[in-house]
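Let me begin by presenting the structure, written as structure tokens, before commenting on it.
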Amino acid sequence: MKISYNWLKEFIDTDKTPEELSKILTGTGLEVESLEKVQAIPGGLEGLLIGFVQESIDHPNSDHLHITKVDVGGVEPLQIVCGANNVAAGQKVVVATVGTTIYPTVGEPFKINKSKIRGEVSEGMICAEDEIGLGTDHDGIMVLDADAVIGTNAKDYFKLNDDYMYEIGLTPNRADAASHLGTARDIAAFLKIGIKKPDVSAFKVDSNNSPIQVIVENEQASPRYSGLTISGVEVKESPQWLKERLAVIGLRSINNIVDVTNYVLHELGQPLHAFDADAIAGNKVIVKNVAEGTVFKTLDDVDRKLSADDLMICNADESMCIAGVFGGAKSGVSASTKSIFLESAYFNSVSVRKTAKRHGLKTDASFRFERGTDPDMTVFALKRAALLIQQVAGGKVSSDIFDHYPAPVAPFEVEVTYKNIDRLIGKAIPHNEIISIIKGLDIEIVTETEEGLSLKVPPYRVDVTREVDIVEEILRIYGYNNIEIPVQIRASLNTSIRPERDTVQNLISDLLSANGFNEIMGNSLTKSTYSDDLEHAVKILNPLSSDLDVMRQSMLFSGLEAVAYNQNRRVADLKLYEFGKIYSHVDEKYIEAQRFSILVTGANQSEQWNQKPVAASFYNLKAIVDGILKKLNITDFTVDDATANNLAYGLQYLRGNKVLVTFGSVAPAALKKADVDKEVFYADFNFDVILNLVRKNVIVYQEVSKFPAVRRDLSMLIDKAVSFGQLKQIAGRTDKKLLKEVNVFDVYQGDKLPAGKKSYALSFILQDTEKTLTDKAIDALMQKLIYNLGKEAGAEIRK
């Protein structure tokens with residue numbers, strides 16, 4: 001949300017600088033994400049001066065140029081060659097001197113240089129309004145009033161004031177602050193000063209000659225609907241002050257009528273809509289729902305099929321506007337409009353939100369209606385807008401104010417005690433300070449006792465309905481930084497299971513970050529198209545978009561989206577990891593599972609002067625996976641081929657029937673879904689299982705053996721279906737005392753072997769911690785291994 005500093009100061013009297021107000025806003029919960037200086041028009045007319053044309057003669061070498069002498073307040077007048085047909089001696093004009101950069105309404109900025117034009121020196125430029133961004137007229141130079149002071153900065157003459165624009169990260173609960181009035185209210189409460197609302201006392205109804213009959217059929221979706229008619233308006237370009245005010249907050253001027261409705265929306269937070277009154281068939285405005293599938297053309301010339309749940313503003317014949325969301329192509333204000341019907345309503349927030357989402361529309365009006373506007377603001381905003389329209393477009397108010405409000409929204413009644421305020425805040429705030437803050441926030445104090453207060457909270461504060469909400473309001477205005485850290489620390493014994501999840505997570509994070517990995521945080525909401533099992537997916541009832549309609553069932557695709565984002569920005573070599581949750585819906589139960597994922601793609605080693613880049617491989621990922629498990633002292637697991645749908649190939653480690661980790665190369669189909677065009681290696685850890693195993697680990701001190709280890713190798717012929725994991729398990733069962741390690745160091749498959757066979761070469765590390773192994777003991781163990789491998793795996797020892 002964009003807020004203007006100068007506009008804010010129309011509501012509050014303060015000498016605080018923009019930077020000081022920025023700190024106040026952030027401290028009161030309206031976080032200022034950026035603060036930037038904004039010029040009313042590009043360039044701010046810097047370097048332009050008011051000049052006086054002393055003389056103007058025809059250029060001797062041209063039939064349309066003039067040579068002028070212009071006094072700009074310097075020692076000598078400037079000679080300027082001018083091509084305008086209306087330049088004449090005695091005029092006050094705007095002059096761009098040499099070195100000035102001017103910013104035209106259309107086109108790129110350019111710098112004024114001293115030059116010769118048809119042989120005559122020109123020391124500047126006499127400007128037309130479109131050449132300096134003040135308008136679109138290029139019929140001739142700007143001729144100013146005779147009282148313009150020579151040498152004055154054009155910026156001062158045109159009364160251009162630099163402004164500052166706050167970009168505020170408005171949280172969804174703070175609909176009350178979605179305007180300059182709402183933002184100023186927080187500042188005024190903090191500074192303990194009053195707030196000035198626009199004066200609408202001059203509003204009057206001039207006649208009742210053009211009443212529009214209003215019928216509200218759906219009162220639930222439109223609890224309050226107000227409107228009036230203004231006749232005799234002239235639709236034209238907005239005055240400069242209005243265009244500048246809107247430009248500061250990033251709005252483009254359309255015409256004076258529409259600009260006023262936008263102005264009031266951002267000033268008071270109340271959306272308005274202006275209809276061409278002459279286009280309202282039957283002189284009726286009907287607020288109702290229309291038939292399912294009705295086609296309606298909106299302002300952007302798009303034909304949209306309406307839902308029966310969409311609230312529409314209609315005339316006697318057809319729909320004119322999607323209520324609270326978007327106007328229609330036929331009923332809006334145009335250059336030929338002479339009379340308008342001005343709408344100011346309070347629409348149901350849920351109805352507007354569903355309609356806006358259904359049609360994929362996000363407007364300034366729907367943004368506010370979705371969060372909840374002030375039901376008591378509709379008539380005040382109408383009067384404010386009517387006065388502004390009469391100021392910039394003329395016209396007369398030609399109908400009484402129509403105000404349909406059958407069931408007024410009651411304020412929220414809240415009881416709050418000083419005891420709970422002090423307890424929750426952690427500091428005893430003086431009662432008079434609390435009362436001052438509450439009144440400053442426009443909350444009515446009904447009764448006051450020694451114990452607390454009975455309050456009525458205005459309906460526009462939809463987020464303040466409980467005692468704790470009042471306490472939060474008091475705290476944010478009082479200032480979080482004004483709550484001292486207590487000198488006394490109270491603690492209790494922690495009986496949680498050790499190690500804690502965060503401790504294990506930090507241990508893994510430190511290991512990976514030290515090895516060149518970067519941590520990512522993906523969105524738990526994702527696309528349903530990523531799912532292989534939609535039946536058990538957790539679906540979002542009111543998704544923000546089709547890209548965020550289910551909870552993720554795998555960590556893979558949030559990681560692949562990060563890979564795609566980086567690869568599209570020429571960052572191809574990536575090592576990423578993420579901790580998060582996956583979600584499923586099984587047997588009417590919602591299940592959350594803690595996971596941990598790793599992604600590797602691109603080069604494992606970057607290019608150096610003495611080496612070429614080395615592409616990442618499956619074995620790089622396996623080394624990382626093995627390293628993590630070793631760091632966590634998880635060594636007793638079985639190995640099997642991965643069966644995951646999204647992997648082209650890979651392995652999985654199991655403890656019993658529980659999968660510890662599945663890892664491998666991501667399948668091309670999965671890569672295509674995320675628009676990734678390079679090979680990616682992925683590991684998915686079941687962090688809940690890992691954590692339980694770590695908690696069962698018992699750390700035991702063991703001396704380094706004084707006796708040497710011995711290595712023996714076996715080469716064997718086995719069936720292709722037999723895996724190294726099976727051979728390792730057989731070896732482990734054969735001996736648990738002397739056998740320390742089993743590794744495979746060579747694999748061969750080819751036409752030199754019998755069909756369906758492969759050759760493995762295994763190494764066995766043997767060691768006795770109590771004595772030196774003898775050849776006899778080593779041979780006996782190796783014979784056992786040969787026997788068991790042959791019996792259980794069909795291994796034929798090659799000699």
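Identifiers in the structure tokens: chain A, B, ... in order shown; residue index from 1 per chain; ligand index from 1 in order shown.
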
**Request:** Compile the contact shell of Ile425 in chain A as a list of chain:residue names: residues with an atom at most 8 Å away, counting only C-alpha atoms, same-chain residues fewer than 4 positions apart removed.
**Result:** A:Ile421, A:Val471, A:Leu475, A:Ile483

**Request:** Find the spatial neighbours of range 318-330 of chain A, counting only C-alpha atoms, within a cut-off of 8 Å - ignore same-chain residues fewer than 5 positions away - and output them as a ChimeraX atom specification.
**Result:** /A:271,273,279,296-301,310-313,347,352,355-356,361-363,365-366,369

Tell me which protein, DNA and RNA residues are within 9 Å of range 4-9 of chain A, counting only C-alpha atoms, leaving out same-chain ones fewer than 6 positions away, and put them as a PDB file with N, CA and C atoms, in the first residue's frame.
ATOM      1  N   ASP A  15       5.392  18.214  12.871  1.00  0.00           N
ATOM      2  CA  ASP A  15       6.620  18.640  12.199  1.00  0.00           C
ATOM      3  C   ASP A  15       7.597  17.483  12.061  1.00  0.00           C
ATOM      4  N   PRO A  18       9.781  12.870   7.266  1.00  0.00           N
ATOM      5  CA  PRO A  18       9.339  11.593   6.690  1.00  0.00           C
ATOM      6  C   PRO A  18      10.020  10.392   7.331  1.00  0.00           C
ATOM      7  N   LEU A  21       8.453   9.757  10.796  1.00  0.00           N
ATOM      8  CA  LEU A  21       7.137   9.114  10.672  1.00  0.00           C
ATOM      9  C   LEU A  21       7.269   7.655  10.236  1.00  0.00           C
ATOM     10  N   ASN A 161       5.620  20.720  -5.023  1.00  0.00           N
ATOM     11  CA  ASN A 161       6.237  20.314  -3.767  1.00  0.00           C
ATOM     12  C   ASN A 161       6.686  18.862  -3.865  1.00  0.00           C
ATOM     13  N   ASP A 162       7.940  18.646  -3.524  1.00  0.00           N
ATOM     14  CA  ASP A 162       8.403  17.268  -3.470  1.00  0.00           C
ATOM     15  C   ASP A 162       7.640  16.530  -2.385  1.00  0.00           C
ATOM     16  N   ASP A 163       7.408  15.279  -2.617  1.00  0.00           N
ATOM     17  CA  ASP A 163       6.667  14.463  -1.662  1.00  0.00           C
ATOM     18  C   ASP A 163       7.493  13.227  -1.347  1.00  0.00           C
ATOM     19  N   TYR A 164       7.024  12.464  -0.372  1.00  0.00           N
ATOM     20  CA  TYR A 164       7.660  11.196  -0.022  1.00  0.00           C
ATOM     21  C   TYR A 164       6.580  10.123  -0.027  1.00  0.00           C
ATOM     22  N   MET A 165       6.948   8.983  -0.573  1.00  0.00           N
ATOM     23  CA  MET A 165       5.985   7.893  -0.683  1.00  0.00           C
ATOM     24  C   MET A 165       6.424   6.732   0.208  1.00  0.00           C
ATOM     25  N   TYR A 166       5.502   6.317   1.096  1.00  0.00           N
ATOM     26  CA  TYR A 166       5.748   5.151   1.948  1.00  0.00           C
ATOM     27  C   TYR A 166       5.138   3.925   1.278  1.00  0.00           C
ATOM     28  N   HIS A 180      -5.273   6.896   3.805  1.00  0.00           N
ATOM     29  CA  HIS A 180      -4.489   7.927   4.486  1.00  0.00           C
ATOM     30  C   HIS A 180      -5.122   8.280   5.830  1.00  0.00           C
ATOM     31  N   LEU A 181      -6.450   8.266   5.906  1.00  0.00           N
ATOM     32  CA  LEU A 181      -7.129   8.538   7.171  1.00  0.00           C
ATOM     33  C   LEU A 181      -6.767   7.473   8.208  1.00  0.00           C
ATOM     34  N   THR A 183      -4.166   5.438   8.290  1.00  0.00           N
ATOM     35  CA  THR A 183      -2.753   5.512   8.658  1.00  0.00           C
ATOM     36  C   THR A 183      -2.508   6.694   9.580  1.00  0.00           C
ATOM     37  N   ALA A 184      -3.139   7.828   9.269  1.00  0.00           N
ATOM     38  CA  ALA A 184      -2.974   9.021  10.117  1.00  0.00           C
ATOM     39  C   ALA A 184      -3.545   8.787  11.507  1.00  0.00           C
ATOM     40  N   ARG A 245      -1.367  14.454  -6.894  1.00  0.00           N
ATOM     41  CA  ARG A 245      -1.638  13.705  -5.664  1.00  0.00           C
ATOM     42  C   ARG A 245      -1.764  12.206  -5.963  1.00  0.00           C
ATOM     43  N   VAL A 248       1.722  10.474  -7.032  1.00  0.00           N
ATOM     44  CA  VAL A 248       2.654  10.141  -5.945  1.00  0.00           C
ATOM     45  C   VAL A 248       2.440   8.712  -5.465  1.00  0.00           C
ATOM     46  N   ILE A 249       1.181   8.258  -5.432  1.00  0.00           N
ATOM     47  CA  ILE A 249       0.911   6.894  -4.955  1.00  0.00           C
ATOM     48  C   ILE A 249       0.759   5.909  -6.116  1.00  0.00           C
ATOM     49  N   GLU A 267      -8.058   8.268   0.221  1.00  0.00           N
ATOM     50  CA  GLU A 267      -8.111   9.215   1.329  1.00  0.00           C
ATOM     51  C   GLU A 267      -8.846   8.622   2.526  1.00  0.00           C
TER      52      GLU A 267
END

**Request:** Can you work out which one of A:Pro109, A:Gly395, A:Gly794, A:Pro77 has the shortest atom-to-atom distance to Val235 in chain A, counting only C-alpha atoms?
**Result:**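 Between A:Pro109, A:Gly395, A:Gly794, A:Pro77, the residue approaching Val235 in chain A most closely is A:Gly395.
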
Considering only C-alpha atoms, return as a tab-separated table (two decimals) with N, CA, C and O atoms, in the first residue's frame whatever protein or nucleic-acid residues lie within 10 Å of Asp684 in chain A, sequence-local ones (same chain, fewer than 6 positions apart) excluded.
chain	number	residue	atom	x	y	z
A	554	SER	N	5.08	-33.67	-1.36
A	554	SER	CA	6.50	-33.99	-1.53
A	554	SER	C	7.29	-32.70	-1.47
A	554	SER	O	6.79	-31.64	-1.83
A	555	MET	N	8.53	-32.81	-1.00
A	555	MET	CA	9.41	-31.64	-0.97
A	555	MET	C	10.06	-31.40	-2.33
A	555	MET	O	10.71	-30.38	-2.54
A	556	LEU	N	9.88	-32.36	-3.27
A	556	LEU	CA	10.61	-32.30	-4.53
A	556	LEU	C	10.31	-31.05	-5.34
A	556	LEU	O	11.22	-30.33	-5.78
A	577	TYR	N	19.32	-27.34	0.21
A	577	TYR	CA	18.65	-28.22	1.16
A	577	TYR	C	17.49	-27.48	1.81
A	577	TYR	O	17.48	-26.25	1.87
A	578	GLU	N	16.51	-28.26	2.28
A	578	GLU	CA	15.31	-27.65	2.86
A	578	GLU	C	14.72	-28.55	3.94
A	578	GLU	O	14.62	-29.76	3.76
A	595	ARG	N	10.01	-33.53	6.92
A	595	ARG	CA	10.95	-34.05	5.92
A	595	ARG	C	12.17	-33.13	5.83
A	595	ARG	O	12.17	-32.01	6.33
A	596	PHE	N	13.14	-33.66	5.15
A	596	PHE	CA	14.38	-32.93	4.90
A	596	PHE	C	14.89	-33.34	3.53
A	596	PHE	O	15.00	-34.53	3.24
A	597	SER	N	15.12	-32.38	2.64
A	597	SER	CA	15.48	-32.71	1.26
A	597	SER	C	16.78	-32.05	0.85
A	597	SER	O	17.18	-31.01	1.39
A	598	ILE	N	17.44	-32.67	-0.14
A	598	ILE	CA	18.68	-32.16	-0.72
A	598	ILE	C	18.53	-32.20	-2.23
A	598	ILE	O	18.00	-33.17	-2.79
A	599	LEU	N	19.00	-31.16	-2.92
A	599	LEU	CA	19.02	-31.13	-4.38
A	599	LEU	C	20.41	-30.71	-4.84
A	599	LEU	O	20.98	-29.74	-4.31
A	625	VAL	N	24.63	-38.02	1.50
A	625	VAL	CA	23.65	-38.77	2.29
A	625	VAL	C	24.36	-39.64	3.32
A	625	VAL	O	24.00	-39.65	4.52
A	652	GLN	N	17.29	-46.54	-1.66
A	652	GLN	CA	16.66	-46.15	-0.41
A	652	GLN	C	17.29	-46.93	0.73
A	652	GLN	O	17.65	-48.09	0.58
A	659	VAL	N	11.49	-46.34	5.97
A	659	VAL	CA	12.45	-45.74	5.04
A	659	VAL	C	13.13	-44.54	5.72
A	659	VAL	O	12.45	-43.62	6.19
A	660	LEU	N	14.46	-44.57	5.76
A	660	LEU	CA	15.21	-43.43	6.30
A	660	LEU	C	15.36	-42.34	5.26
A	660	LEU	O	15.13	-41.16	5.54
A	661	VAL	N	15.78	-42.74	4.05
A	661	VAL	CA	16.03	-41.75	3.01
A	661	VAL	C	15.89	-42.44	1.66
A	661	VAL	O	16.23	-43.62	1.51
A	662	THR	N	15.36	-41.71	0.69
A	662	THR	CA	15.30	-42.14	-0.69
A	662	THR	C	16.03	-41.09	-1.53
A	662	THR	O	15.79	-39.90	-1.37
A	663	PHE	N	16.92	-41.55	-2.40
A	663	PHE	CA	17.68	-40.58	-3.18
A	663	PHE	C	18.01	-41.14	-4.56
A	663	PHE	O	18.06	-42.36	-4.75
A	664	GLY	N	18.22	-40.22	-5.51
A	664	GLY	CA	18.54	-40.64	-6.86
A	664	GLY	C	18.40	-39.50	-7.85
A	664	GLY	O	18.34	-38.32	-7.47

**Prompt:** Within 12 Å of Tyr590 in chain A, counting only C-alpha atoms, which residues qualify if same-chain residues fewer than 6 places away don't, as a list in words?
**Reply:**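 Skipping anything fewer than 6 positions along the chain leaves His536, Ala537, Val538, Lys539, Met551, Gln553, Ile582, Tyr583 and Ser584 of chain A.
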
**Request:** Please return as a PyMOL selection string: the residues of range 472-713 of chain A that backbone DSSP assigns to helix (DSSP H, G or I).
**Result:** chain A and resi 472-478+480-482+501-514+528-530+534-536+546-548+556-567+618-631+668-673+687-696

**Request:** Identify which of the residues A:Lys758, A:Arg695, A:His66, A:Lys575 lies closest to Phe724 in chain A, counting only C-alpha atoms when measuring atom-to-atom distances.
**Result:**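 Closest candidate: A:Lys758.
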
**Nearest residue to Ala755 in chain A from the set A:Asp636, A:Asp719, A:Glu472, A:Glu129 (distances using only C-alpha atoms)** =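 When distances to Ala755 in chain A are compared using only C-alpha atoms, the smallest one comes from A:Asp719.
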
**Option closest in space to Gln702 in chain A, from A:Gln594, A:Gln783, A:Thr769, A:Ser238 [counting only C-alpha atoms]** = A:Thr769

**Request:** For Leu511 in chain A, please output as a PyMOL selection string all residues within 8 Å (counting only C-alpha atoms; exclusion window: fewer than 4 positions along the same chain).
**Result:** chain A and resi 507+515+628

**Request:** Quick one: everything within 10 Å of Tyr530 in chain A, counting only C-alpha atoms, minus sequence neighbours fewer than 2 positions away in the same chain. Send it as a list in words.
**Result:** Thr526, Lys527, Ser528, Asp532, Asp533, Leu534, Asp547, Val550, Arg552, Gln553, Ser554, Leu556, Phe557, Ser558, Ala670, Lys673 and Ala674 of chain A

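Proximity of A:Asn173, A:Ser207, A:Ser226, A:Gln91 to Ile150 in chain A, computed with only C-alpha atoms, is greatest for A:Gln91.
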
**Item:** Which of A:Phe52, A:Leu388, A:Ser399, A:Leu191 sits closest to Ile477 in chain A [using only C-alpha atoms]
**Value:**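 Ranked by minimum distance to Ile477 in chain A, first place goes to A:Leu191.
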
**Between CA of Gln605 in chain A and CA of Leu621 in chain A, distance in Å (one decimal)** = 13.2 Å

**Item:** Secondary structure check, strand (DSSP E or B) residues of range 623-768 of chain A, as number ranges by chain
**Value:** A: 638-641, 647-655, 658-666, 680-686, 710-719, 739-748, 757-766
